[in-house]
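J.: Sharing upload_23.txt, compact mmCIF, C-alpha atoms and all ligand atoms:
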```txt
# COMPACT_ATOMS: atom_id res chain seq x y z
CA MET B 1444 -165.89 105.53 138.57
CA VAL B 1445 -166.83 108.85 140.21
CA GLU B 1446 -170.04 108.63 142.20
CA SER B 1447 -172.51 111.43 141.56
CA LEU B 1448 -173.09 113.71 144.55
CA VAL B 1449 -176.64 114.51 143.40
CA PRO B 1450 -179.09 111.67 144.16
CA ALA B 1451 -180.85 110.21 141.07
CA SER B 1452 -183.98 112.23 140.53
CA ILE B 1453 -187.52 110.88 140.74
CA PRO B 1454 -189.08 112.33 137.56
CA VAL B 1455 -192.40 114.18 137.46
CA TYR B 1456 -193.48 111.78 134.69
CA SER B 1457 -192.09 108.56 133.24
CA PRO B 1458 -193.65 106.65 130.32
CA ALA B 1459 -191.81 103.40 131.17
CA SER B 1460 -194.73 101.53 132.77
CA VAL B 1461 -197.28 102.68 130.17
CA ASP B 1462 -194.88 101.69 127.38
CA ALA B 1463 -194.40 98.24 128.91
CA ALA B 1464 -198.15 97.50 129.19
CA VAL B 1465 -198.79 97.33 125.45
CA ASP B 1466 -196.73 95.93 122.57
CA VAL B 1467 -196.28 99.28 120.84
CA VAL B 1468 -193.96 97.81 118.22
CA GLY B 1469 -196.74 95.35 117.38
CA SER B 1470 -199.21 98.23 116.95
CA ILE B 1471 -196.81 100.03 114.64
CA SER B 1472 -195.89 96.90 112.65
CA ARG B 1473 -199.57 96.24 111.96
CA VAL B 1474 -199.78 99.62 110.23
CA ILE B 1475 -196.54 99.21 108.29
CA GLU B 1476 -197.57 95.76 107.06
CA ARG B 1477 -200.83 97.23 105.77
CA HIS B 1478 -199.03 100.07 103.91
CA ARG B 1479 -201.84 102.45 104.82
CA TYR B 1480 -200.69 105.41 106.88
CA LEU B 1481 -203.61 107.86 106.93
CA SER B 1482 -207.42 107.72 107.07
CA GLY B 1483 -207.52 103.92 107.38
CA PRO B 1484 -208.97 101.22 109.60
CA GLU B 1485 -206.95 102.12 112.73
CA LEU B 1486 -208.47 105.62 112.74
CA ASP B 1487 -211.99 104.23 112.25
CA ARG B 1488 -211.44 101.69 115.05
CA PHE B 1489 -210.06 104.24 117.51
CA GLU B 1490 -212.69 106.89 116.74
CA ALA B 1491 -215.51 104.38 117.34
CA ALA B 1492 -213.94 103.01 120.53
CA PHE B 1493 -213.16 106.43 122.01
CA ALA B 1494 -216.65 107.79 121.24
CA GLU B 1495 -218.13 104.77 123.01
CA TYR B 1496 -215.73 105.18 125.95
CA CYS B 1497 -216.70 108.84 126.37
CA GLY B 1498 -220.40 108.05 125.97
CA VAL B 1499 -220.90 110.28 122.92
CA GLY B 1500 -222.07 109.75 119.36
CA TYR B 1501 -218.97 110.85 117.48
CA CYS B 1502 -215.18 111.14 117.79
CA ILE B 1503 -213.07 112.80 115.12
CA GLY B 1504 -209.30 112.28 115.34
CA VAL B 1505 -207.08 115.29 114.69
CA ALA B 1506 -203.36 116.00 114.78
CA ASN B 1507 -203.04 117.40 118.34
CA GLY B 1508 -204.99 118.95 121.19
CA THR B 1509 -204.42 122.56 120.16
CA ASP B 1510 -205.81 121.84 116.68
CA ALA B 1511 -208.77 120.13 118.38
CA LEU B 1512 -209.58 123.37 120.22
CA GLU B 1513 -209.10 125.55 117.14
CA ILE B 1514 -211.21 123.31 114.90
CA ALA B 1515 -213.90 123.12 117.60
CA LEU B 1516 -214.02 126.94 117.74
CA ARG B 1517 -214.24 127.15 113.94
CA ALA B 1518 -216.99 124.52 113.95
CA LEU B 1519 -218.94 126.81 116.29
CA ASN B 1520 -218.46 129.69 113.82
CA VAL B 1521 -216.02 131.71 115.94
CA VAL B 1522 -214.57 134.34 113.60
CA PRO B 1523 -211.87 137.03 113.86
CA GLY B 1524 -212.72 139.68 116.44
CA ASP B 1525 -215.09 137.42 118.41
CA ARG B 1526 -214.55 136.92 122.13
CA VAL B 1527 -214.05 133.51 123.73
CA ALA B 1528 -214.25 133.00 127.51
CA VAL B 1529 -211.34 130.93 128.92
CA VAL B 1530 -209.41 130.52 132.16
CA ALA B 1531 -205.94 132.07 132.42
CA ASN B 1532 -204.25 129.35 134.52
CA ALA B 1533 -204.25 126.49 132.01
CA GLY B 1534 -201.03 126.95 130.07
CA PHE B 1535 -202.26 129.22 127.21
CA TYR B 1536 -203.45 126.29 125.06
CA GLY B 1537 -207.01 127.61 124.82
CA SER B 1538 -205.67 131.11 124.19
CA THR B 1539 -203.42 129.75 121.40
CA ALA B 1540 -206.44 128.31 119.61
CA VAL B 1541 -208.49 131.48 120.11
CA ARG B 1542 -205.65 133.68 118.81
CA ALA B 1543 -205.03 131.40 115.81
CA ILE B 1544 -208.50 132.37 114.60
CA GLY B 1545 -207.93 136.07 115.27
CA ALA B 1546 -210.48 135.98 118.08
CA VAL B 1547 -209.80 137.45 121.52
CA PRO B 1548 -209.69 135.58 124.84
CA VAL B 1549 -211.72 137.00 127.71
CA TYR B 1550 -210.37 135.60 130.94
CA VAL B 1551 -212.58 134.12 133.65
CA ASP B 1552 -211.32 133.82 137.21
CA ILE B 1553 -211.10 130.45 138.94
CA ASP B 1554 -212.62 129.01 142.09
CA PRO B 1555 -209.70 129.02 144.58
CA ALA B 1556 -210.91 125.74 146.13
CA THR B 1557 -210.73 123.76 142.88
CA LEU B 1558 -208.52 125.95 140.61
CA GLN B 1559 -211.18 125.45 137.88
CA MET B 1560 -213.32 128.05 136.06
CA SER B 1561 -215.73 129.76 138.47
CA PRO B 1562 -219.34 129.62 137.17
CA ALA B 1563 -220.08 132.88 139.07
CA ALA B 1564 -217.15 134.65 137.38
CA LEU B 1565 -218.31 133.23 134.03
CA SER B 1566 -221.76 134.71 134.43
CA GLU B 1567 -220.13 138.16 134.81
CA VAL B 1568 -217.96 137.61 131.71
CA LEU B 1569 -221.02 136.56 129.67
CA ARG B 1570 -222.06 140.22 129.77
CA LEU B 1571 -219.21 140.81 127.28
CA ARG B 1572 -221.09 138.51 124.89
CA PRO B 1573 -218.46 135.89 124.03
CA THR B 1574 -219.24 133.57 121.09
CA ALA B 1575 -218.03 130.46 122.96
CA VAL B 1576 -216.66 129.25 126.30
CA ILE B 1577 -213.70 126.88 126.72
CA ALA B 1578 -213.90 125.11 130.10
CA THR B 1579 -210.66 123.27 130.92
CA HIS B 1580 -210.74 120.28 133.29
CA LEU B 1581 -207.39 121.24 134.76
CA TYR B 1582 -204.96 118.71 136.28
CA GLY B 1583 -207.44 115.88 135.59
CA LEU B 1584 -210.24 117.23 137.80
CA LEU B 1585 -213.66 117.80 136.26
CA SER B 1586 -214.55 121.46 136.49
CA ASP B 1587 -218.00 122.49 137.75
CA ILE B 1588 -219.05 121.74 134.19
CA GLU B 1589 -222.77 121.25 134.88
CA ALA B 1590 -223.01 124.77 136.36
CA ILE B 1591 -220.80 126.22 133.59
CA VAL B 1592 -223.01 124.68 130.89
CA ALA B 1593 -226.16 125.89 132.70
CA VAL B 1594 -224.89 129.48 132.98
CA ALA B 1595 -223.61 129.55 129.39
CA THR B 1596 -226.73 127.95 127.94
CA GLU B 1597 -228.86 130.59 129.66
CA GLY B 1598 -226.78 133.18 127.81
CA GLY B 1599 -227.09 131.21 124.54
CA VAL B 1600 -223.36 130.46 124.41
CA PRO B 1601 -221.96 127.00 123.53
CA VAL B 1602 -219.31 125.37 125.74
CA ILE B 1603 -216.22 123.43 124.64
CA GLU B 1604 -214.70 121.13 127.28
CA ASP B 1605 -210.90 121.03 127.15
CA CYS B 1606 -210.35 117.43 128.32
CA ALA B 1607 -206.63 117.25 127.46
CA GLN B 1608 -205.83 116.44 131.09
CA ALA B 1609 -208.99 114.56 132.02
CA HIS B 1610 -209.47 111.42 129.86
CA GLY B 1611 -212.01 109.23 131.63
CA ALA B 1612 -212.88 111.59 134.51
CA ARG B 1613 -216.49 110.88 135.46
CA ARG B 1614 -219.32 112.40 137.48
CA ASP B 1615 -222.80 110.87 137.86
CA GLY B 1616 -221.93 108.32 135.18
CA LYS B 1617 -220.91 110.93 132.58
CA ARG B 1618 -217.36 111.22 131.31
CA ALA B 1619 -215.30 114.28 130.45
CA GLY B 1620 -216.23 115.42 126.96
CA SER B 1621 -219.89 114.40 127.21
CA PHE B 1622 -221.24 117.32 129.27
CA ALA B 1623 -221.03 120.21 126.79
CA THR B 1624 -221.46 120.84 123.05
CA ILE B 1625 -217.96 119.64 122.11
CA GLY B 1626 -215.09 117.95 123.99
CA CYS B 1627 -211.45 118.31 122.92
CA PHE B 1628 -208.62 115.91 123.78
CA SER B 1629 -204.85 115.86 123.45
CA PHE B 1630 -203.13 112.48 123.29
CA TYR B 1631 -199.67 113.96 123.80
CA PRO B 1632 -197.43 111.17 125.17
CA THR B 1633 -197.59 112.28 128.83
CA LYS B 1634 -201.40 112.45 128.93
CA ASN B 1635 -203.51 109.84 130.76
CA LEU B 1636 -204.13 108.34 127.31
CA GLY B 1637 -201.03 109.16 125.28
CA ALA B 1638 -199.79 108.35 121.78
CA VAL B 1639 -196.15 107.96 120.67
CA GLY B 1640 -196.16 111.43 119.11
CA ASP B 1641 -198.66 114.24 118.66
CA ALA B 1642 -202.34 113.29 118.47
CA GLY B 1643 -205.73 114.74 119.37
CA GLY B 1644 -209.46 114.15 119.15
CA ILE B 1645 -212.82 115.93 119.22
CA VAL B 1646 -216.04 114.41 120.57
CA THR B 1647 -219.64 115.52 120.22
CA ASN B 1648 -223.19 114.21 120.21
CA ASP B 1649 -224.28 116.57 117.42
CA PRO B 1650 -224.21 114.87 113.98
CA ALA B 1651 -224.13 118.17 112.04
CA LEU B 1652 -221.22 119.46 114.12
CA ALA B 1653 -219.39 116.13 113.73
CA ALA B 1654 -219.73 116.34 109.95
CA ARG B 1655 -218.48 119.93 109.94
CA ILE B 1656 -215.50 119.03 112.17
CA ARG B 1657 -214.65 116.13 109.81
CA ARG B 1658 -214.58 118.57 106.89
CA LEU B 1659 -212.55 121.16 108.79
CA ARG B 1660 -209.81 118.64 109.66
CA GLN B 1661 -209.25 117.82 105.97
CA TYR B 1662 -209.12 120.93 103.77
CA GLY B 1663 -212.85 121.65 104.18
CA TRP B 1664 -213.59 118.72 101.83
CA ALA B 1665 -217.13 117.35 101.68
CA ALA B 1666 -215.78 114.80 99.17
CA LYS B 1667 -212.30 114.42 97.70
CA TYR B 1668 -211.23 117.71 96.05
CA HIS B 1669 -214.62 119.32 96.75
CA VAL B 1670 -214.24 122.12 99.30
CA LYS B 1671 -217.52 122.84 101.06
CA THR B 1672 -216.47 124.39 104.36
CA ALA B 1673 -214.35 127.52 104.76
CA GLY B 1674 -211.51 127.49 107.29
CA GLY B 1675 -210.40 123.91 106.54
CA ARG B 1676 -206.87 122.67 107.02
CA ASN B 1677 -204.87 119.46 107.25
CA SER B 1678 -205.08 118.08 110.81
CA ARG B 1679 -205.28 114.29 110.51
CA LEU B 1680 -204.61 111.68 113.20
CA ASP B 1681 -202.27 109.20 111.49
CA GLU B 1682 -202.67 105.42 111.49
CA ILE B 1683 -199.67 104.70 113.71
CA GLN B 1684 -200.92 107.00 116.48
CA ALA B 1685 -204.47 105.69 116.09
CA ALA B 1686 -203.24 102.06 116.34
CA VAL B 1687 -201.28 102.79 119.54
CA LEU B 1688 -204.19 104.71 121.06
CA GLY B 1689 -206.68 101.96 120.16
CA ASP B 1690 -204.45 99.34 121.79
CA ARG B 1691 -203.88 101.46 124.90
CA LEU B 1692 -207.47 102.59 125.46
CA PRO B 1693 -208.53 99.35 127.25
CA HIS B 1694 -205.87 100.13 129.91
CA LEU B 1695 -207.00 103.70 130.58
CA ASP B 1696 -209.35 102.99 133.49
CA ALA B 1697 -206.70 100.88 135.27
CA TRP B 1698 -204.06 103.58 134.75
CA ASN B 1699 -206.46 106.22 136.07
CA ALA B 1700 -207.22 104.08 139.14
CA GLU B 1701 -203.49 103.64 139.78
CA ARG B 1702 -202.91 107.38 139.42
CA ARG B 1703 -205.76 108.07 141.85
CA SER B 1704 -204.40 105.63 144.43
CA ILE B 1705 -200.98 107.31 144.28
CA ALA B 1706 -202.77 110.65 144.79
CA ALA B 1707 -204.57 109.14 147.82
CA ARG B 1708 -201.24 108.05 149.32
CA TYR B 1709 -199.90 111.58 148.86
CA VAL B 1710 -202.99 113.17 150.44
CA ALA B 1711 -202.73 110.84 153.46
CA GLY B 1712 -198.97 111.29 153.81
CA LEU B 1713 -199.08 115.08 153.49
CA ALA B 1714 -201.97 115.60 155.94
CA GLY B 1715 -201.34 118.29 158.51
CA LEU B 1716 -198.60 120.06 156.51
CA PRO B 1717 -198.95 123.73 155.53
CA LEU B 1718 -199.96 123.09 151.92
CA THR B 1719 -203.10 122.61 149.83
CA CYS B 1720 -203.74 119.26 148.10
CA PRO B 1721 -206.11 118.52 145.17
CA PRO B 1722 -209.70 118.66 146.49
CA SER B 1723 -210.98 115.28 145.21
CA LEU B 1724 -209.95 111.63 145.25
CA THR B 1725 -213.12 110.30 143.65
CA GLU B 1726 -213.69 109.43 140.01
CA ASP B 1727 -214.11 113.07 138.94
CA TYR B 1728 -210.30 113.31 139.39
CA VAL B 1729 -208.03 111.18 137.16
CA ALA B 1730 -204.87 112.59 138.76
CA HIS B 1731 -203.21 113.75 135.56
CA LEU B 1732 -201.10 116.07 137.68
CA PHE B 1733 -200.74 116.15 141.47
CA VAL B 1734 -200.57 119.87 142.09
CA ILE B 1735 -200.11 121.22 145.60
CA GLN B 1736 -199.97 124.86 146.67
CA VAL B 1737 -197.18 126.15 148.89
CA GLU B 1738 -195.76 129.50 149.96
CA ASP B 1739 -192.16 130.28 148.91
CA ARG B 1740 -192.25 127.92 145.95
CA ASP B 1741 -188.69 128.56 144.75
CA ARG B 1742 -187.18 127.54 148.06
CA PHE B 1743 -189.50 124.51 148.19
CA ARG B 1744 -188.41 123.34 144.73
CA GLU B 1745 -184.73 123.77 145.57
CA HIS B 1746 -185.21 121.66 148.67
CA MET B 1747 -187.03 118.94 146.68
CA ALA B 1748 -184.30 118.90 144.01
CA ALA B 1749 -181.62 118.50 146.68
CA ARG B 1750 -183.58 115.48 147.98
CA GLY B 1751 -183.67 113.94 144.49
CA VAL B 1752 -187.29 114.80 143.70
CA SER B 1753 -188.16 116.59 140.46
CA THR B 1754 -191.00 119.09 140.49
CA ASP B 1755 -192.60 121.29 137.84
CA VAL B 1756 -194.94 124.28 137.72
CA HIS B 1757 -198.23 124.04 135.78
CA TYR B 1758 -198.29 126.92 135.00
CA PRO B 1759 -196.04 129.76 136.12
CA VAL B 1760 -197.32 132.58 133.85
CA PRO B 1761 -201.06 133.34 133.68
CA ASP B 1762 -202.27 133.83 130.11
CA HIS B 1763 -202.97 137.55 130.56
CA HIS B 1764 -199.32 138.12 131.57
CA GLN B 1765 -197.83 136.36 128.52
CA LEU B 1766 -195.86 138.87 126.47
CA ALA B 1767 -196.85 137.94 122.92
CA TYR B 1768 -200.18 139.73 122.71
CA GLY B 1769 -199.78 142.84 124.84
CA PRO B 1770 -202.05 144.07 127.65
CA GLU B 1771 -205.69 142.99 127.53
CA GLN B 1772 -208.71 144.30 129.32
CA HIS B 1773 -209.90 141.63 131.68
CA PRO B 1774 -212.01 141.30 134.82
CA PRO B 1775 -210.25 140.84 138.20
CA LEU B 1776 -208.29 137.58 138.27
CA ALA B 1777 -207.18 137.52 141.90
CA ALA B 1778 -207.61 133.76 142.46
CA THR B 1779 -205.80 133.00 139.19
CA GLU B 1780 -202.85 135.22 140.09
CA ARG B 1781 -202.53 133.75 143.56
CA ALA B 1782 -202.69 130.14 142.30
CA CYS B 1783 -200.03 130.78 139.65
CA GLU B 1784 -197.63 131.94 142.38
CA ARG B 1785 -198.21 128.90 144.59
CA VAL B 1786 -198.82 125.81 142.43
CA VAL B 1787 -196.16 123.10 142.20
CA THR B 1788 -196.44 119.62 140.69
CA LEU B 1789 -195.16 116.45 142.39
CA PRO B 1790 -194.19 113.21 140.57
CA LEU B 1791 -197.21 111.08 139.64
CA PHE B 1792 -197.50 108.45 136.89
CA PRO B 1793 -198.52 104.79 136.54
CA GLY B 1794 -195.64 102.66 137.81
CA LEU B 1795 -194.33 105.17 140.36
CA ALA B 1796 -192.77 102.92 143.02
CA ASP B 1797 -194.03 102.88 146.63
CA ALA B 1798 -190.53 103.70 147.89
CA ASP B 1799 -190.43 106.75 145.60
CA ILE B 1800 -193.84 107.91 146.86
CA ASP B 1801 -192.46 107.70 150.41
CA THR B 1802 -189.35 109.64 149.39
CA VAL B 1803 -191.52 112.39 147.88
CA ILE B 1804 -193.68 112.60 151.03
CA GLU B 1805 -190.63 112.77 153.30
CA ALA B 1806 -189.03 115.44 151.11
CA VAL B 1807 -192.18 117.60 151.15
CA ALA B 1808 -192.52 117.20 154.93
CA SER B 1809 -188.91 118.17 155.53
CA ALA B 1810 -189.27 121.19 153.23
CA LEU B 1811 -192.30 122.51 155.06
CA VAL B 1812 -191.57 121.46 158.64
CA PRO B 1813 -187.81 121.89 159.05
CA ALA B 1814 -187.86 119.98 162.36
CA ARG B 1815 -188.77 116.82 160.37
CA ALA B 1816 -185.69 117.30 158.12
C1 LIG R 1 -205.25 121.63 129.08
C2 LIG R 1 -204.57 121.43 127.75
N1 LIG R 1 -205.17 121.86 126.64
C3 LIG R 1 -204.61 121.71 125.43
C4 LIG R 1 -203.37 121.11 125.28
C5 LIG R 1 -202.76 121.07 123.93
O1 LIG R 1 -202.53 119.78 123.47
P1 LIG R 1 -201.38 119.51 122.40
O2 LIG R 1 -200.07 119.62 123.09
O3 LIG R 1 -201.68 118.10 121.94
O4 LIG R 1 -201.55 120.49 121.30
C6 LIG R 1 -202.72 120.64 126.42
C7 LIG R 1 -201.42 119.98 126.39
O5 LIG R 1 -200.49 119.90 125.98
C8 LIG R 1 -203.32 120.80 127.70
O6 LIG R 1 -202.72 120.38 128.82
```
Once you've parsed the file, please lay out its structure as structure tokens.
Ligand SMILES: Cc1ncc(COP(=O)(O)O)c(C=O)c1O
T.:
Amino acid sequence: MVESLVPASIPVYSPASVDAAVDVVGSISRVIERHRYLSGPELDRFEAAFAEYCGVGYCIGVANGTDALEIALRALNVVPGDRVAVVANAGFYGSTAVRAIGAVPVYVDIDPATLQMSPAALSEVLRLRPTAVIATHLYGLLSDIEAIVAVATEGGVPVIEDCAQAHGARRDGKRAGSFATIGCFSFYPTKNLGAVGDAGGIVTNDPALAARIRRLRQYGWAAKYHVKTAGGRNSRLDEIQAAVLGDRLPHLDAWNAERRSIAARYVAGLAGLPLTCPPSLTEDYVAHLFVIQVEDRDRFREHMAARGVSTDVHYPVPDHHQLAYGPEQHPPLAATERACERVVTLPLFPGLADADIDTVIEAVASALVPARA
């Protein structure tokens, strides 16, 4: 046997430990034995449990997180040509939903200390009279959502929280998704609460909005074959995904705590190095991604790869530089541009071994302080 010269890589994410915690085959078998694959008891059970977990009145399951954002925008009556305020450093998901409607994203710069939407920059953008704001809780850190909602409400503009990376993040007893008019979730398999395929959800406290969202996710139907709401589509959360999510939800807080303690070990181990770590280790950060900022990122990543540590970049291209939609007018986005050049993601997931955490810390140290190599 020929031994590999490249050391086995520590992945950025592994589902192994999450998969082992719950009998996923049991969840799936329950659905198969019932012969009911859509709009059944697993969906009802998960929607009720997730609404309660988030501390809101209603949860509506949908097919994925991008649909959640698009349906939320439609529920708020965003129409073609409208403007929607979004950040440009969050992977284009919000922009995808805005563009799917034929609306136009207006980009808001970020706070360089948190990498989240800046409420001050938002108040400038509100002069362009957007119809809605999407505030992403990026990397699992709650944005300054109270200030964002205050600024937007003063301008009469509703806010959608994009919670796809922040399931369970909490401040002053309130969880992600419960601060604004609507909260949108992705349950993509790598998320803090992940399904075994695509899945998403929308939460709100507003009964009229919840009813409208329910119609929009299923052809605009008010009742079977009776179309009441324009802009409807098929975006259902199926029974298998709902069963897995319902069975995994009770583990979410423990997984988040484990993620946060790995983040704390990184922050302690990386202290004093020329890099920037995430700014919080309290419960407003559920450590979806551990994103540091370094200079000379390409060289850093090469060094990490040679040491057997995978890294990723979330996200390398700011939305306003994506090629599909051509040049846009936008306010200055200096903090966004700078962050996109410097961010790099280290491995972090429930089950990441202590020895691997140490390997990652040593690899980062040796990349940034060559004397420690
Ligand atoms: C911040 C954010 N918003 C939206 C999405 C879209 O979710 P989905 O992939 O389920 O469509 C994702 C992730 O993939 C995300 O990270």
J.: Could you check the closest approach to ligand LIG 1 (chain R) for each of B:Ala1528, B:Val1710, B:Ala1511, B:Val1499 and tell me which residue wins, using only C-alpha atoms and all ligand atoms?
T.: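 The answer is B:Ala1511, which sits nearest to ligand LIG 1 (chain R).
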J.: Kindly indicate which residue among B:Leu1558, B:Ala1730, B:Ala1666, B:Ala1623 lies nearest to Asn1648 in chain B, using all atoms listed in the file for the distances.
T.: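 The answer is B:Ala1623, which sits nearest to Asn1648 in chain B.
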J.: Of the candidates B:Thr1725, B:Thr1633, B:Thr1596, B:Gln1661, which shows the shortest atom-to-atom distance to ligand LIG 1 (chain R), using all atoms listed in the file?
T.: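 Closest candidate: B:Thr1633.
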J.: Please measure the separation of CA of Gly1689 in chain B and CA of Asp1641 in chain B, giving the value in Å to one decimal.
T.: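 The value is 14.7 Å.
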J.: So, counting all atoms listed in the file, which residue among B:Pro1548, B:Gly1537, B:Pro1793, B:Gly1663 is closest to His1763 in chain B?
T.: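 The answer is B:Pro1548, which sits nearest to His1763 in chain B.
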J.: Kindly extract all protein, DNA and RNA residues lying within 7 Å of the coordinates (-214.5, 126.2, 127.9) given in the file, considering only C-alpha atoms, and supply them as a PyMOL selection string.
T.: chain B and resi 1528-1529+1576-1579+1602-1605
J.: Neighbourhood query: residues within 10 Å of (-216.1, 116.5, 138.5), file coordinates, counting all atoms listed in the file; return as an NGL selection string.
T.: :B and (1580 or 1583-1589 or 1609 or 1612-1615 or 1617-1619 or 1723 or 1725-1729)
J.: Counting only C-alpha atoms and all ligand atoms, which residue out of B:Phe1628, B:Tyr1480, B:Tyr1550, B:Trp1698 sits closest to ligand LIG 1 (chain R)?
T.: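 Closest candidate: B:Phe1628.
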J.: Within 8 Å of ligand LIG 1 (chain R), counting all atoms listed in the file: which residues, as a PyMOL selection string?
T.: chain B and resi 1506-1512+1533-1537+1579-1582+1605-1608+1628-1631+1634+1641-1643
J.: Name the closest residue to Ala1767 in chain B among the candidates B:Arg1542, B:Ile1475, B:Val1465, B:Tyr1501; distances are taken between atoms, counting all atoms listed in the file.
T.: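 Under the stated criterion, the closest residue is B:Arg1542.
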J.: Figure out the distance between CA of His1610 in chain B and CA of His1764 in chain B, please, to one decimal in Å.
T.: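 CA of His1610 in chain B lies at a distance of 28.6 Å from CA of His1764 in chain B.
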J.: Take the structure in the block and write a file for range 1743-1757 of chain B, N, CA and C atoms, as an mmCIF file, in the first residue's frame.
T.:
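Saved file selection36.cif follows:
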```
data_model
loop_
_atom_site.group_PDB
_atom_site.id
_atom_site.type_symbol
_atom_site.label_atom_id
_atom_site.label_comp_id
_atom_site.auth_asym_id
_atom_site.auth_seq_id
_atom_site.Cartn_x
_atom_site.Cartn_y
_atom_site.Cartn_z
ATOM 1 N N PHE B 1743 -2.381 31.932 3.413
ATOM 2 C CA PHE B 1743 -2.855 31.319 4.669
ATOM 3 C C PHE B 1743 -3.551 29.988 4.385
ATOM 4 N N ARG B 1744 -4.441 29.972 3.402
ATOM 5 C CA ARG B 1744 -5.202 28.737 3.112
ATOM 6 C C ARG B 1744 -4.290 27.631 2.584
ATOM 7 N N GLU B 1745 -3.307 28.024 1.782
ATOM 8 C CA GLU B 1745 -2.348 27.014 1.288
ATOM 9 C C GLU B 1745 -1.599 26.379 2.453
ATOM 10 N N HIS B 1746 -1.171 27.226 3.375
ATOM 11 C CA HIS B 1746 -0.452 26.739 4.552
ATOM 12 C C HIS B 1746 -1.335 25.774 5.353
ATOM 13 N N MET B 1747 -2.595 26.149 5.566
ATOM 14 C CA MET B 1747 -3.521 25.302 6.337
ATOM 15 C C MET B 1747 -3.730 23.958 5.625
ATOM 16 N N ALA B 1748 -3.889 24.000 4.319
ATOM 17 C CA ALA B 1748 -4.107 22.759 3.554
ATOM 18 C C ALA B 1748 -2.898 21.839 3.684
ATOM 19 N N ALA B 1749 -1.708 22.436 3.640
ATOM 20 C CA ALA B 1749 -0.488 21.620 3.757
ATOM 21 C C ALA B 1749 -0.383 20.990 5.151
ATOM 22 N N ARG B 1750 -1.014 21.608 6.131
ATOM 23 C CA ARG B 1750 -1.032 21.059 7.501
ATOM 24 C C ARG B 1750 -2.227 20.128 7.732
ATOM 25 N N GLY B 1751 -2.998 19.865 6.676
ATOM 26 C CA GLY B 1751 -4.129 18.937 6.809
ATOM 27 C C GLY B 1751 -5.383 19.567 7.389
ATOM 28 N N VAL B 1752 -5.513 20.889 7.235
ATOM 29 C CA VAL B 1752 -6.710 21.570 7.763
ATOM 30 C C VAL B 1752 -7.463 22.217 6.600
ATOM 31 N N SER B 1753 -8.705 21.788 6.392
ATOM 32 C CA SER B 1753 -9.535 22.416 5.356
ATOM 33 C C SER B 1753 -10.017 23.777 5.839
ATOM 34 N N THR B 1754 -10.148 24.691 4.907
ATOM 35 C CA THR B 1754 -10.750 25.998 5.199
ATOM 36 C C THR B 1754 -11.729 26.315 4.067
ATOM 37 N N ASP B 1755 -12.552 27.329 4.280
ATOM 38 C CA ASP B 1755 -13.460 27.764 3.218
ATOM 39 C C ASP B 1755 -13.577 29.288 3.306
ATOM 40 N N VAL B 1756 -14.251 29.889 2.342
ATOM 41 C CA VAL B 1756 -14.435 31.345 2.380
ATOM 42 C C VAL B 1756 -15.927 31.652 2.256
ATOM 43 N N HIS B 1757 -16.495 32.245 3.300
ATOM 44 C CA HIS B 1757 -17.918 32.633 3.308
ATOM 45 C C HIS B 1757 -18.008 34.153 3.459
#
```
